file upload.pdb (PDB, N, CA and C atoms)
ATOM      1  N   PHE U   1    -169.081 -49.720  -2.203  1.00  0.00           N
ATOM      2  CA  PHE U   1    -168.060 -50.487  -2.874  1.00  0.00           C
ATOM      3  C   PHE U   1    -168.664 -51.185  -4.092  1.00  0.00           C
ATOM      4  N   PRO U   2    -168.699 -50.551  -5.250  1.00  0.00           N
ATOM      5  CA  PRO U   2    -169.240 -51.244  -6.414  1.00  0.00           C
ATOM      6  C   PRO U   2    -168.352 -52.412  -6.840  1.00  0.00           C
ATOM      7  N   LYS U   3    -168.986 -53.473  -7.273  1.00  0.00           N
ATOM      8  CA  LYS U   3    -168.253 -54.631  -7.803  1.00  0.00           C
ATOM      9  C   LYS U   3    -167.880 -54.311  -9.242  1.00  0.00           C
ATOM     10  N   VAL U   4    -166.598 -54.440  -9.551  1.00  0.00           N
ATOM     11  CA  VAL U   4    -166.100 -54.127 -10.889  1.00  0.00           C
ATOM     12  C   VAL U   4    -165.245 -55.292 -11.359  1.00  0.00           C
ATOM     13  N   GLU U   5    -165.613 -55.871 -12.478  1.00  0.00           N
ATOM     14  CA  GLU U   5    -164.881 -57.019 -13.001  1.00  0.00           C
ATOM     15  C   GLU U   5    -164.319 -56.713 -14.379  1.00  0.00           C
ATOM     16  N   VAL U   6    -163.032 -56.972 -14.525  1.00  0.00           N
ATOM     17  CA  VAL U   6    -162.358 -56.928 -15.815  1.00  0.00           C
ATOM     18  C   VAL U   6    -161.551 -58.219 -15.893  1.00  0.00           C
ATOM     19  N   PRO U   7    -161.835 -59.071 -16.865  1.00  0.00           N
ATOM     20  CA  PRO U   7    -161.124 -60.349 -16.949  1.00  0.00           C
ATOM     21  C   PRO U   7    -159.602 -60.164 -16.919  1.00  0.00           C
ATOM     22  N   GLY U   8    -158.945 -60.949 -16.058  1.00  0.00           N
ATOM     23  CA  GLY U   8    -157.495 -60.928 -15.972  1.00  0.00           C
ATOM     24  C   GLY U   8    -156.900 -59.809 -15.143  1.00  0.00           C
ATOM     25  N   MET U   9    -157.746 -58.998 -14.494  1.00  0.00           N
ATOM     26  CA  MET U   9    -157.240 -57.880 -13.691  1.00  0.00           C
ATOM     27  C   MET U   9    -157.804 -57.953 -12.282  1.00  0.00           C
ATOM     28  N   ASN U  10    -156.968 -57.602 -11.295  1.00  0.00           N
ATOM     29  CA  ASN U  10    -157.462 -57.515  -9.924  1.00  0.00           C
ATOM     30  C   ASN U  10    -157.856 -56.071  -9.620  1.00  0.00           C
ATOM     31  N   SER U  11    -158.404 -55.841  -8.450  1.00  0.00           N
ATOM     32  CA  SER U  11    -158.926 -54.511  -8.131  1.00  0.00           C
ATOM     33  C   SER U  11    -157.827 -53.454  -8.086  1.00  0.00           C
ATOM     34  N   GLU U  12    -156.615 -53.827  -7.692  1.00  0.00           N
ATOM     35  CA  GLU U  12    -155.514 -52.858  -7.669  1.00  0.00           C
ATOM     36  C   GLU U  12    -155.142 -52.427  -9.087  1.00  0.00           C
ATOM     37  N   GLU U  13    -155.103 -53.375 -10.003  1.00  0.00           N
ATOM     38  CA  GLU U  13    -154.784 -53.050 -11.396  1.00  0.00           C
ATOM     39  C   GLU U  13    -155.872 -52.182 -12.025  1.00  0.00           C
ATOM     40  N   ILE U  14    -157.115 -52.463 -11.709  1.00  0.00           N
ATOM     41  CA  ILE U  14    -158.218 -51.653 -12.236  1.00  0.00           C
ATOM     42  C   ILE U  14    -158.141 -50.244 -11.667  1.00  0.00           C
ATOM     43  N   ALA U  15    -157.871 -50.125 -10.373  1.00  0.00           N
ATOM     44  CA  ALA U  15    -157.755 -48.804  -9.745  1.00  0.00           C
ATOM     45  C   ALA U  15    -156.624 -47.997 -10.380  1.00  0.00           C
ATOM     46  N   MET U  16    -155.508 -48.640 -10.701  1.00  0.00           N
ATOM     47  CA  MET U  16    -154.395 -47.937 -11.347  1.00  0.00           C
ATOM     48  C   MET U  16    -154.772 -47.490 -12.760  1.00  0.00           C
ATOM     49  N   ALA U  17    -155.494 -48.325 -13.484  1.00  0.00           N
ATOM     50  CA  ALA U  17    -155.946 -47.942 -14.823  1.00  0.00           C
ATOM     51  C   ALA U  17    -156.884 -46.744 -14.739  1.00  0.00           C
ATOM     52  N   LEU U  18    -157.755 -46.738 -13.732  1.00  0.00           N
ATOM     53  CA  LEU U  18    -158.657 -45.601 -13.558  1.00  0.00           C
ATOM     54  C   LEU U  18    -157.880 -44.344 -13.186  1.00  0.00           C
ATOM     55  N   LEU U  19    -156.862 -44.479 -12.351  1.00  0.00           N
ATOM     56  CA  LEU U  19    -156.030 -43.328 -11.999  1.00  0.00           C
ATOM     57  C   LEU U  19    -155.374 -42.754 -13.251  1.00  0.00           C
ATOM     58  N   ASN U  20    -154.872 -43.624 -14.111  1.00  0.00           N
ATOM     59  CA  ASN U  20    -154.286 -43.168 -15.376  1.00  0.00           C
ATOM     60  C   ASN U  20    -155.318 -42.472 -16.252  1.00  0.00           C
ATOM     61  N   GLY U  21    -156.591 -42.811 -16.065  1.00  0.00           N
ATOM     62  CA  GLY U  21    -157.677 -42.179 -16.807  1.00  0.00           C
ATOM     63  C   GLY U  21    -158.249 -40.954 -16.116  1.00  0.00           C
ATOM     64  N   GLY U  22    -157.666 -40.568 -14.984  1.00  0.00           N
ATOM     65  CA  GLY U  22    -158.089 -39.344 -14.306  1.00  0.00           C
ATOM     66  C   GLY U  22    -159.085 -39.525 -13.185  1.00  0.00           C
ATOM     67  N   VAL U  23    -159.237 -40.764 -12.690  1.00  0.00           N
ATOM     68  CA  VAL U  23    -160.191 -41.029 -11.603  1.00  0.00           C
ATOM     69  C   VAL U  23    -159.445 -41.687 -10.449  1.00  0.00           C
ATOM     70  N   LEU U  24    -159.569 -41.107  -9.272  1.00  0.00           N
ATOM     71  CA  LEU U  24    -158.934 -41.662  -8.081  1.00  0.00           C
ATOM     72  C   LEU U  24    -159.940 -42.517  -7.324  1.00  0.00           C
ATOM     73  N   CYS U  25    -159.543 -43.750  -7.036  1.00  0.00           N
ATOM     74  CA  CYS U  25    -160.360 -44.653  -6.231  1.00  0.00           C
ATOM     75  C   CYS U  25    -159.422 -45.585  -5.490  1.00  0.00           C
ATOM     76  N   SER U  26    -159.963 -46.319  -4.548  1.00  0.00           N
ATOM     77  CA  SER U  26    -159.178 -47.295  -3.790  1.00  0.00           C
ATOM     78  C   SER U  26    -159.594 -48.696  -4.205  1.00  0.00           C
ATOM     79  N   PRO U  27    -158.614 -49.587  -4.367  1.00  0.00           N
ATOM     80  CA  PRO U  27    -158.980 -50.969  -4.667  1.00  0.00           C
ATOM     81  C   PRO U  27    -159.610 -51.610  -3.445  1.00  0.00           C
ATOM     82  N   GLY U  28    -160.612 -52.410  -3.662  1.00  0.00           N
ATOM     83  CA  GLY U  28    -161.268 -53.081  -2.547  1.00  0.00           C
ATOM     84  C   GLY U  28    -160.334 -53.970  -1.756  1.00  0.00           C
ATOM     85  N   SER U  29    -159.309 -54.493  -2.409  1.00  0.00           N
ATOM     86  CA  SER U  29    -158.358 -55.371  -1.720  1.00  0.00           C
ATOM     87  C   SER U  29    -157.622 -54.650  -0.598  1.00  0.00           C
ATOM     88  N   ALA U  30    -157.575 -53.327  -0.629  1.00  0.00           N
ATOM     89  CA  ALA U  30    -156.936 -52.552   0.444  1.00  0.00           C
ATOM     90  C   ALA U  30    -157.708 -52.675   1.754  1.00  0.00           C
ATOM     91  N   PHE U  31    -158.937 -53.169   1.677  1.00  0.00           N
ATOM     92  CA  PHE U  31    -159.795 -53.293   2.852  1.00  0.00           C
ATOM     93  C   PHE U  31    -159.987 -54.749   3.267  1.00  0.00           C
ATOM     94  N   GLY U  32    -159.137 -55.627   2.742  1.00  0.00           N
ATOM     95  CA  GLY U  32    -159.206 -57.037   3.108  1.00  0.00           C
ATOM     96  C   GLY U  32    -159.547 -57.913   1.916  1.00  0.00           C
ATOM     97  N   ASP U  33    -159.377 -59.205   2.114  1.00  0.00           N
ATOM     98  CA  ASP U  33    -159.616 -60.171   1.039  1.00  0.00           C
ATOM     99  C   ASP U  33    -161.034 -60.101   0.485  1.00  0.00           C
ATOM    100  N   ALA U  34    -162.005 -59.842   1.337  1.00  0.00           N
ATOM    101  CA  ALA U  34    -163.401 -59.783   0.886  1.00  0.00           C
ATOM    102  C   ALA U  34    -163.660 -58.589  -0.029  1.00  0.00           C
ATOM    103  N   GLY U  35    -162.761 -57.608  -0.018  1.00  0.00           N
ATOM    104  CA  GLY U  35    -162.929 -56.429  -0.862  1.00  0.00           C
ATOM    105  C   GLY U  35    -162.450 -56.609  -2.286  1.00  0.00           C
ATOM    106  N   GLU U  36    -161.722 -57.696  -2.538  1.00  0.00           N
ATOM    107  CA  GLU U  36    -161.224 -57.928  -3.896  1.00  0.00           C
ATOM    108  C   GLU U  36    -162.398 -57.998  -4.869  1.00  0.00           C
ATOM    109  N   GLY U  37    -162.214 -57.337  -6.022  1.00  0.00           N
ATOM    110  CA  GLY U  37    -163.270 -57.292  -7.026  1.00  0.00           C
ATOM    111  C   GLY U  37    -164.172 -56.081  -6.884  1.00  0.00           C
ATOM    112  N   HIS U  38    -163.863 -55.226  -5.907  1.00  0.00           N
ATOM    113  CA  HIS U  38    -164.646 -54.017  -5.672  1.00  0.00           C
ATOM    114  C   HIS U  38    -163.728 -52.801  -5.695  1.00  0.00           C
ATOM    115  N   LEU U  39    -164.316 -51.635  -5.867  1.00  0.00           N
ATOM    116  CA  LEU U  39    -163.595 -50.369  -5.803  1.00  0.00           C
ATOM    117  C   LEU U  39    -164.313 -49.451  -4.831  1.00  0.00           C
ATOM    118  N   ARG U  40    -163.554 -48.553  -4.218  1.00  0.00           N
ATOM    119  CA  ARG U  40    -164.158 -47.581  -3.308  1.00  0.00           C
ATOM    120  C   ARG U  40    -163.929 -46.188  -3.871  1.00  0.00           C
ATOM    121  N   PHE U  41    -165.015 -45.453  -4.011  1.00  0.00           N
ATOM    122  CA  PHE U  41    -164.974 -44.081  -4.497  1.00  0.00           C
ATOM    123  C   PHE U  41    -165.431 -43.147  -3.386  1.00  0.00           C
ATOM    124  N   ALA U  42    -164.862 -41.946  -3.347  1.00  0.00           N
ATOM    125  CA  ALA U  42    -165.334 -40.905  -2.433  1.00  0.00           C
ATOM    126  C   ALA U  42    -166.206 -39.947  -3.247  1.00  0.00           C
ATOM    127  N   TYR U  43    -167.320 -39.594  -2.686  1.00  0.00           N
ATOM    128  CA  TYR U  43    -168.260 -38.705  -3.379  1.00  0.00           C
ATOM    129  C   TYR U  43    -168.337 -37.367  -2.656  1.00  0.00           C
ATOM    130  N   THR U  44    -167.175 -36.775  -2.388  1.00  0.00           N
ATOM    131  CA  THR U  44    -167.114 -35.535  -1.618  1.00  0.00           C
ATOM    132  C   THR U  44    -166.907 -34.317  -2.503  1.00  0.00           C
ATOM    133  N   ILE U  45    -167.131 -34.476  -3.790  1.00  0.00           N
ATOM    134  CA  ILE U  45    -166.988 -33.376  -4.735  1.00  0.00           C
ATOM    135  C   ILE U  45    -168.365 -33.034  -5.294  1.00  0.00           C
ATOM    136  N   GLY U  46    -168.442 -32.012  -6.100  1.00  0.00           N
ATOM    137  CA  GLY U  46    -169.720 -31.591  -6.664  1.00  0.00           C
ATOM    138  C   GLY U  46    -170.300 -32.596  -7.645  1.00  0.00           C
ATOM    139  N   ARG U  47    -171.594 -32.488  -7.871  1.00  0.00           N
ATOM    140  CA  ARG U  47    -172.287 -33.426  -8.763  1.00  0.00           C
ATOM    141  C   ARG U  47    -171.740 -33.417 -10.183  1.00  0.00           C
ATOM    142  N   GLU U  48    -171.379 -32.232 -10.679  1.00  0.00           N
ATOM    143  CA  GLU U  48    -170.836 -32.167 -12.043  1.00  0.00           C
ATOM    144  C   GLU U  48    -169.518 -32.925 -12.139  1.00  0.00           C
ATOM    145  N   ASP U  49    -168.666 -32.788 -11.123  1.00  0.00           N
ATOM    146  CA  ASP U  49    -167.396 -33.515 -11.111  1.00  0.00           C
ATOM    147  C   ASP U  49    -167.633 -35.016 -10.992  1.00  0.00           C
ATOM    148  N   ILE U  50    -168.605 -35.405 -10.184  1.00  0.00           N
ATOM    149  CA  ILE U  50    -168.938 -36.827 -10.058  1.00  0.00           C
ATOM    150  C   ILE U  50    -169.409 -37.369 -11.405  1.00  0.00           C
ATOM    151  N   SER U  51    -170.248 -36.618 -12.088  1.00  0.00           N
ATOM    152  CA  SER U  51    -170.750 -37.043 -13.393  1.00  0.00           C
ATOM    153  C   SER U  51    -169.604 -37.200 -14.393  1.00  0.00           C
ATOM    154  N   ARG U  52    -168.693 -36.227 -14.423  1.00  0.00           N
ATOM    155  CA  ARG U  52    -167.534 -36.336 -15.316  1.00  0.00           C
ATOM    156  C   ARG U  52    -166.674 -37.541 -14.942  1.00  0.00           C
ATOM    157  N   GLY U  53    -166.492 -37.747 -13.651  1.00  0.00           N
ATOM    158  CA  GLY U  53    -165.703 -38.889 -13.190  1.00  0.00           C
ATOM    159  C   GLY U  53    -166.314 -40.212 -13.601  1.00  0.00           C
ATOM    160  N   MET U  54    -167.629 -40.330 -13.477  1.00  0.00           N
ATOM    161  CA  MET U  54    -168.293 -41.577 -13.855  1.00  0.00           C
ATOM    162  C   MET U  54    -168.218 -41.803 -15.361  1.00  0.00           C
ATOM    163  N   ASP U  55    -168.252 -40.716 -16.136  1.00  0.00           N
ATOM    164  CA  ASP U  55    -168.051 -40.853 -17.584  1.00  0.00           C
ATOM    165  C   ASP U  55    -166.664 -41.417 -17.871  1.00  0.00           C
ATOM    166  N   ARG U  56    -165.666 -40.936 -17.122  1.00  0.00           N
ATOM    167  CA  ARG U  56    -164.300 -41.437 -17.289  1.00  0.00           C
ATOM    168  C   ARG U  56    -164.210 -42.906 -16.889  1.00  0.00           C
ATOM    169  N   VAL U  57    -164.859 -43.266 -15.790  1.00  0.00           N
ATOM    170  CA  VAL U  57    -164.867 -44.664 -15.346  1.00  0.00           C
ATOM    171  C   VAL U  57    -165.443 -45.540 -16.453  1.00  0.00           C
ATOM    172  N   GLU U  58    -166.573 -45.128 -16.993  1.00  0.00           N
ATOM    173  CA  GLU U  58    -167.218 -45.897 -18.059  1.00  0.00           C
ATOM    174  C   GLU U  58    -166.279 -46.075 -19.253  1.00  0.00           C
ATOM    175  N   LYS U  59    -165.598 -45.008 -19.638  1.00  0.00           N
ATOM    176  CA  LYS U  59    -164.697 -45.063 -20.794  1.00  0.00           C
ATOM    177  C   LYS U  59    -163.505 -45.983 -20.522  1.00  0.00           C
ATOM    178  N   VAL U  60    -162.876 -45.831 -19.360  1.00  0.00           N
ATOM    179  CA  VAL U  60    -161.712 -46.661 -19.026  1.00  0.00           C
ATOM    180  C   VAL U  60    -162.107 -48.133 -18.973  1.00  0.00           C
ATOM    181  N   LEU U  61    -163.212 -48.440 -18.293  1.00  0.00           N
ATOM    182  CA  LEU U  61    -163.634 -49.839 -18.178  1.00  0.00           C
ATOM    183  C   LEU U  61    -163.990 -50.427 -19.540  1.00  0.00           C
ATOM    184  N   ALA U  62    -164.627 -49.650 -20.386  1.00  0.00           N
ATOM    185  CA  ALA U  62    -164.953 -50.135 -21.735  1.00  0.00           C
ATOM    186  C   ALA U  62    -163.676 -50.458 -22.501  1.00  0.00           C
ATOM    187  N   ASN U  63    -162.670 -49.594 -22.370  1.00  0.00           N
ATOM    188  CA  ASN U  63    -161.398 -49.844 -23.053  1.00  0.00           C
ATOM    189  C   ASN U  63    -160.707 -51.086 -22.501  1.00  0.00           C
ATOM    190  N   LEU U  64    -160.718 -51.249 -21.187  1.00  0.00           N
ATOM    191  CA  LEU U  64    -160.082 -52.419 -20.577  1.00  0.00           C
ATOM    192  C   LEU U  64    -160.771 -53.706 -21.008  1.00  0.00           C
ATOM    193  N   ARG U  65    -162.083 -53.670 -21.074  1.00  0.00           N
ATOM    194  CA  ARG U  65    -162.843 -54.877 -21.411  1.00  0.00           C
ATOM    195  C   ARG U  65    -162.761 -55.230 -22.889  1.00  0.00           C
ATOM    196  N   SER U  66    -162.423 -54.252 -23.729  1.00  0.00           N
ATOM    197  CA  SER U  66    -162.338 -54.528 -25.166  1.00  0.00           C
ATOM    198  C   SER U  66    -160.958 -55.025 -25.578  1.00  0.00           C
ATOM    199  N   ASP U  67    -159.982 -54.881 -24.692  1.00  0.00           N
ATOM    200  CA  ASP U  67    -158.610 -55.333 -25.011  1.00  0.00           C
ATOM    201  C   ASP U  67    -158.469 -56.825 -24.967  1.00  0.00           C
TER     202      ASP U  67
END
call {"tool": "encode", "arguments": {"input": "upload.pdb", "output": "structure tokens"}}
result
Amino acid sequence: FPKVEVPGMNSEEIAMALLNGGVLCSPGSAFGDAGEGHLRFAYTIGREDISRGMDRVEKVLANLRSD
């Protein structure tokens, strides 16, 4: 569960932004109050797909943080 912070956004909003960017993850809040501020990713795909996904995560988060 990596900790992901974007000012003014909760983990559900961040997860939805990532979904819009082509990455599926679960908001940490789905696993209880202590999960807020974290995201859960499944790594059950190939390494190349994981690498592409992480590139997308980086791009989406950079865009969210620059707004």
call {"tool": "resolve_selection", "arguments": {"input": "upload.pdb", "expression": "the PyMOL selection byres (((chain U and resi 28 and name CA) around 7) and name CA)", "output": "short mmCIF file (atom, residue, chain, number, x, y, z; two decimals) with N, CA and C atoms, in the coordinates of the input"}}
result
data_model
loop_
_atom_site.label_atom_id
_atom_site.label_comp_id
_atom_site.auth_asym_id
_atom_site.auth_seq_id
_atom_site.Cartn_x
_atom_site.Cartn_y
_atom_site.Cartn_z
N SER U 11 -158.40 -55.84 -8.45
CA SER U 11 -158.93 -54.51 -8.13
C SER U 11 -157.83 -53.45 -8.09
N SER U 26 -159.96 -46.32 -4.55
CA SER U 26 -159.18 -47.30 -3.79
C SER U 26 -159.59 -48.70 -4.20
N PRO U 27 -158.61 -49.59 -4.37
CA PRO U 27 -158.98 -50.97 -4.67
C PRO U 27 -159.61 -51.61 -3.44
N SER U 29 -159.31 -54.49 -2.41
CA SER U 29 -158.36 -55.37 -1.72
C SER U 29 -157.62 -54.65 -0.60
N ALA U 30 -157.57 -53.33 -0.63
CA ALA U 30 -156.94 -52.55 0.44
C ALA U 30 -157.71 -52.68 1.75
N PHE U 31 -158.94 -53.17 1.68
CA PHE U 31 -159.79 -53.29 2.85
C PHE U 31 -159.99 -54.75 3.27
N GLY U 35 -162.76 -57.61 -0.02
CA GLY U 35 -162.93 -56.43 -0.86
C GLY U 35 -162.45 -56.61 -2.29
N GLU U 36 -161.72 -57.70 -2.54
CA GLU U 36 -161.22 -57.93 -3.90
C GLU U 36 -162.40 -58.00 -4.87
N GLY U 37 -162.21 -57.34 -6.02
CA GLY U 37 -163.27 -57.29 -7.03
C GLY U 37 -164.17 -56.08 -6.88
N HIS U 38 -163.86 -55.23 -5.91
CA HIS U 38 -164.65 -54.02 -5.67
C HIS U 38 -163.73 -52.80 -5.70
N LEU U 39 -164.32 -51.64 -5.87
CA LEU U 39 -163.60 -50.37 -5.80
C LEU U 39 -164.31 -49.45 -4.83
N ARG U 40 -163.55 -48.55 -4.22
CA ARG U 40 -164.16 -47.58 -3.31
C ARG U 40 -163.93 -46.19 -3.87
#
call {"tool": "residues_around", "arguments": {"input": "upload.pdb", "residues": "Gly21 in chain U", "least_positions_apart": "5", "cutoff": "8 Å", "atoms": "all atoms listed in the file", "output": "list in words"}}
result
Ala15, Met16, Arg56, Val57, Lys59 and Val60 of chain U
call {"tool": "atom_distance", "arguments": {"input": "upload.pdb", "atom1": "CA of Asp33 in chain U", "atom2": "CA of Leu18 in chain U"}}
result
20.6 Å
call {"tool": "select_by_dssp", "arguments": {"input": "upload.pdb", "residues": "chain U", "states": "strand (DSSP E)", "output": "PyMOL selection string"}}
result
chain U and resi 26-27+39-40
call {"tool": "closest_residue", "arguments": {"input": "upload.pdb", "among": "U:Cys25, U:Ile50, U:Leu19, U:Ala62", "to": "Val6 in chain U", "atoms": "only C-alpha atoms"}}
result
U:Ala62
call {"tool": "decode", "arguments": {"input": "upload.pdb", "residues": "range 41-61 of chain U", "atoms": "N, CA and C atoms", "output": "tab-separated table (two decimals), in the first residue's frame"}}
result
chain	number	residue	atom	x	y	z
U	41	PHE	N	-2.26	-1.58	-5.32
U	41	PHE	CA	-2.07	-2.03	-6.69
U	41	PHE	C	-1.89	-3.54	-6.70
U	42	ALA	N	-2.37	-4.19	-7.76
U	42	ALA	CA	-2.11	-5.62	-7.96
U	42	ALA	C	-0.98	-5.74	-8.99
U	43	TYR	N	-0.05	-6.60	-8.70
U	43	TYR	CA	1.10	-6.78	-9.59
U	43	TYR	C	1.05	-8.16	-10.22
U	44	THR	N	-0.10	-8.51	-10.80
U	44	THR	CA	-0.30	-9.84	-11.37
U	44	THR	C	-0.16	-9.85	-12.88
U	45	ILE	N	0.41	-8.80	-13.43
U	45	ILE	CA	0.62	-8.71	-14.87
U	45	ILE	C	2.12	-8.75	-15.15
U	46	GLY	N	2.49	-8.76	-16.40
U	46	GLY	CA	3.90	-8.82	-16.77
U	46	GLY	C	4.67	-7.57	-16.39
U	47	ARG	N	5.98	-7.71	-16.32
U	47	ARG	CA	6.84	-6.58	-15.92
U	47	ARG	C	6.73	-5.39	-16.86
U	48	GLU	N	6.60	-5.65	-18.16
U	48	GLU	CA	6.48	-4.53	-19.10
U	48	GLU	C	5.20	-3.75	-18.85
U	49	ASP	N	4.10	-4.45	-18.58
U	49	ASP	CA	2.84	-3.78	-18.28
U	49	ASP	C	2.93	-3.01	-16.97
U	50	ILE	N	3.60	-3.58	-15.98
U	50	ILE	CA	3.79	-2.88	-14.71
U	50	ILE	C	4.59	-1.60	-14.93
U	51	SER	N	5.64	-1.69	-15.73
U	51	SER	CA	6.47	-0.52	-16.02
U	51	SER	C	5.65	0.56	-16.71
U	52	ARG	N	4.85	0.17	-17.71
U	52	ARG	CA	3.99	1.15	-18.39
U	52	ARG	C	2.99	1.76	-17.41
U	53	GLY	N	2.43	0.92	-16.56
U	53	GLY	CA	1.47	1.40	-15.57
U	53	GLY	C	2.08	2.40	-14.61
U	54	MET	N	3.30	2.13	-14.16
U	54	MET	CA	3.96	3.05	-13.23
U	54	MET	C	4.30	4.36	-13.92
U	55	ASP	N	4.63	4.30	-15.21
U	55	ASP	CA	4.85	5.54	-15.97
U	55	ASP	C	3.57	6.37	-16.00
U	56	ARG	N	2.43	5.69	-16.18
U	56	ARG	CA	1.14	6.38	-16.18
U	56	ARG	C	0.84	6.98	-14.81
U	57	VAL	N	1.12	6.22	-13.76
U	57	VAL	CA	0.91	6.72	-12.39
U	57	VAL	C	1.72	8.00	-12.20
U	58	GLU	N	2.99	7.95	-12.58
U	58	GLU	CA	3.86	9.12	-12.42
U	58	GLU	C	3.29	10.33	-13.17
U	59	LYS	N	2.82	10.11	-14.39
U	59	LYS	CA	2.29	11.21	-15.20
U	59	LYS	C	1.01	11.78	-14.58
U	60	VAL	N	0.09	10.91	-14.19
U	60	VAL	CA	-1.17	11.38	-13.60
U	60	VAL	C	-0.91	12.16	-12.31
U	61	LEU	N	-0.07	11.60	-11.44
U	61	LEU	CA	0.21	12.28	-10.17
U	61	LEU	C	0.91	13.62	-10.39
